[in-house]
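Down below is the structure, laid out as structure tokens.
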Amino acid sequence: DEPKFGDVVPLKPPSQQLNGNKNDDSLFSMSSPSSTTATTFGTDNSNENDTNLLLQTRKRRNITVAVLSILLALFNYAWQWTHPVTPIQLLATMQQQSTEVSLVGRNNKPTVMDFWAPWCENCKYMAPTLYQMEQTYSDKVNFVMVNGDDPDNWPLIEALKVDAIPHMAMIEADGTVDTALIGPVPKEWLVRDIETLIENTNDVVDTTQGSSNTQCLQSQPQEKLNNDDKNNEQNSYTSSSSVMCAADNKNNAKKPLPYQMLDVFANQQDRKIQLNVNVNSNG
């Protein structure tokens, strides 16, 4: 029975209070999971939408990158097709910076003279190696690049007897043409030949400075001279003998190049060249 106003009501244990409120708690407990489930379901849908959006964004970005890469490759191909390739530009630049031909054999430096042409594939192949050689030895060696397609360079082509390219003439410091390297050659060959040219130049200078005219004269045959003309003839003989001695010392001091191919001056007694023409640097 429900208590009425003014009735004395005994206290109930907590367990009975919980049992008494069981229906209320059950109602509350039944409603709570449903609301939690609805909230979780909504969150899952939101995360799934965000993931799909992210994937679509990445897909569009990858497609854009792929298209741009293809366009860039096509543009690069078109640029190389319409512009000179890098080796040709390198050879042309080296030709603009070449030593004046008139200094070959006159400035106490050996010379590497390379004949090339824009259509020559082997010339393009050798361009980076020649550039490295020039950067390494430019203070000790003359580098002269000659475009064989330029008609203005024809006198120089004839002087060096060039009939095929690439043709690389190796010239001593005194203008003596040692050899010509034809076609593509290994970098090691160039290094060894250039080092030998430099060594020959240094040896000639040391030999010439350290030679004694008296020693040279002792090796020359003495002719009988009249007493009246003895002094004049002796002075003349001494001068000519000194020149011959210096020339002999230079020839004896030279070492052969380690790598030799074509000797275009083999049938000539005088292997020295005196060039008074210049290379057209615009070629």
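Every chain in the structure tokens takes a letter, A first, then B, and so on in the order presented; its residues are numbered from 1, and the ligands are numbered from 1 following the presented order.
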(message) Residues within 12 Å of Val191 (chain A), please, as a ChimeraX atom specification. Count only C-alpha atoms; anything in the same chain fewer than 2 positions from it doesn't count.
(response) /A:112,129-130,132-134,136-137,141,170,185-189,193-198,257-259
(request) Enumerate, as JSON, numbers by chain, the complete set of residues in region 17-207 of chain A that a backbone-based DSSP assignment places in strand (DSSP E). (result) {"A": [111, 112, 113, 114, 115, 116, 142, 143, 144, 145, 146, 147, 167, 168, 169, 170, 171, 177, 178, 179, 180, 181, 182]}
May I have the selected residues written with C-alpha atoms, as a PDB file, in the first residue's frame?
ATOM      1  CA  THR A 111      99.251  21.966 -79.460  1.00  0.00           C
ATOM      2  CA  VAL A 112      96.244  19.683 -79.792  1.00  0.00           C
ATOM      3  CA  MET A 113      94.417  20.644 -82.987  1.00  0.00           C
ATOM      4  CA  ASP A 114      91.058  18.922 -83.467  1.00  0.00           C
ATOM      5  CA  PHE A 115      89.101  18.979 -86.733  1.00  0.00           C
ATOM      6  CA  TRP A 116      85.361  18.400 -86.289  1.00  0.00           C
ATOM      7  CA  ASN A 142      97.288  25.057 -76.952  1.00  0.00           C
ATOM      8  CA  PHE A 143      93.864  23.709 -77.893  1.00  0.00           C
ATOM      9  CA  VAL A 144      92.636  24.615 -81.354  1.00  0.00           C
ATOM     10  CA  MET A 145      89.214  23.491 -82.611  1.00  0.00           C
ATOM     11  CA  VAL A 146      88.596  23.670 -86.359  1.00  0.00           C
ATOM     12  CA  ASN A 147      85.168  23.257 -87.962  1.00  0.00           C
ATOM     13  CA  HIS A 167      91.283  14.266 -86.931  1.00  0.00           C
ATOM     14  CA  MET A 168      93.365  15.289 -83.914  1.00  0.00           C
ATOM     15  CA  ALA A 169      96.854  16.559 -84.728  1.00  0.00           C
ATOM     16  CA  MET A 170      99.415  16.301 -81.906  1.00  0.00           C
ATOM     17  CA  ILE A 171     102.010  19.036 -82.399  1.00  0.00           C
ATOM     18  CA  VAL A 177     103.657  17.348 -86.132  1.00  0.00           C
ATOM     19  CA  ASP A 178     104.106  14.023 -84.343  1.00  0.00           C
ATOM     20  CA  THR A 179     100.968  12.140 -85.244  1.00  0.00           C
ATOM     21  CA  ALA A 180      97.253  12.376 -85.904  1.00  0.00           C
ATOM     22  CA  LEU A 181      94.686  10.456 -83.861  1.00  0.00           C
ATOM     23  CA  ILE A 182      91.773   9.471 -86.092  1.00  0.00           C
TER      24      ILE A 182
END
(message) So, with only C-alpha atoms as the atoms that count, which of A:Val101, A:Leu190, A:Val264, A:Met126 lies closest to Pro155 (chain A)?
(response) A:Val101
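Of note, CA of Thr201 (chain A) and CA of Pro110 (chain A) are spaced 7.2 Å apart.
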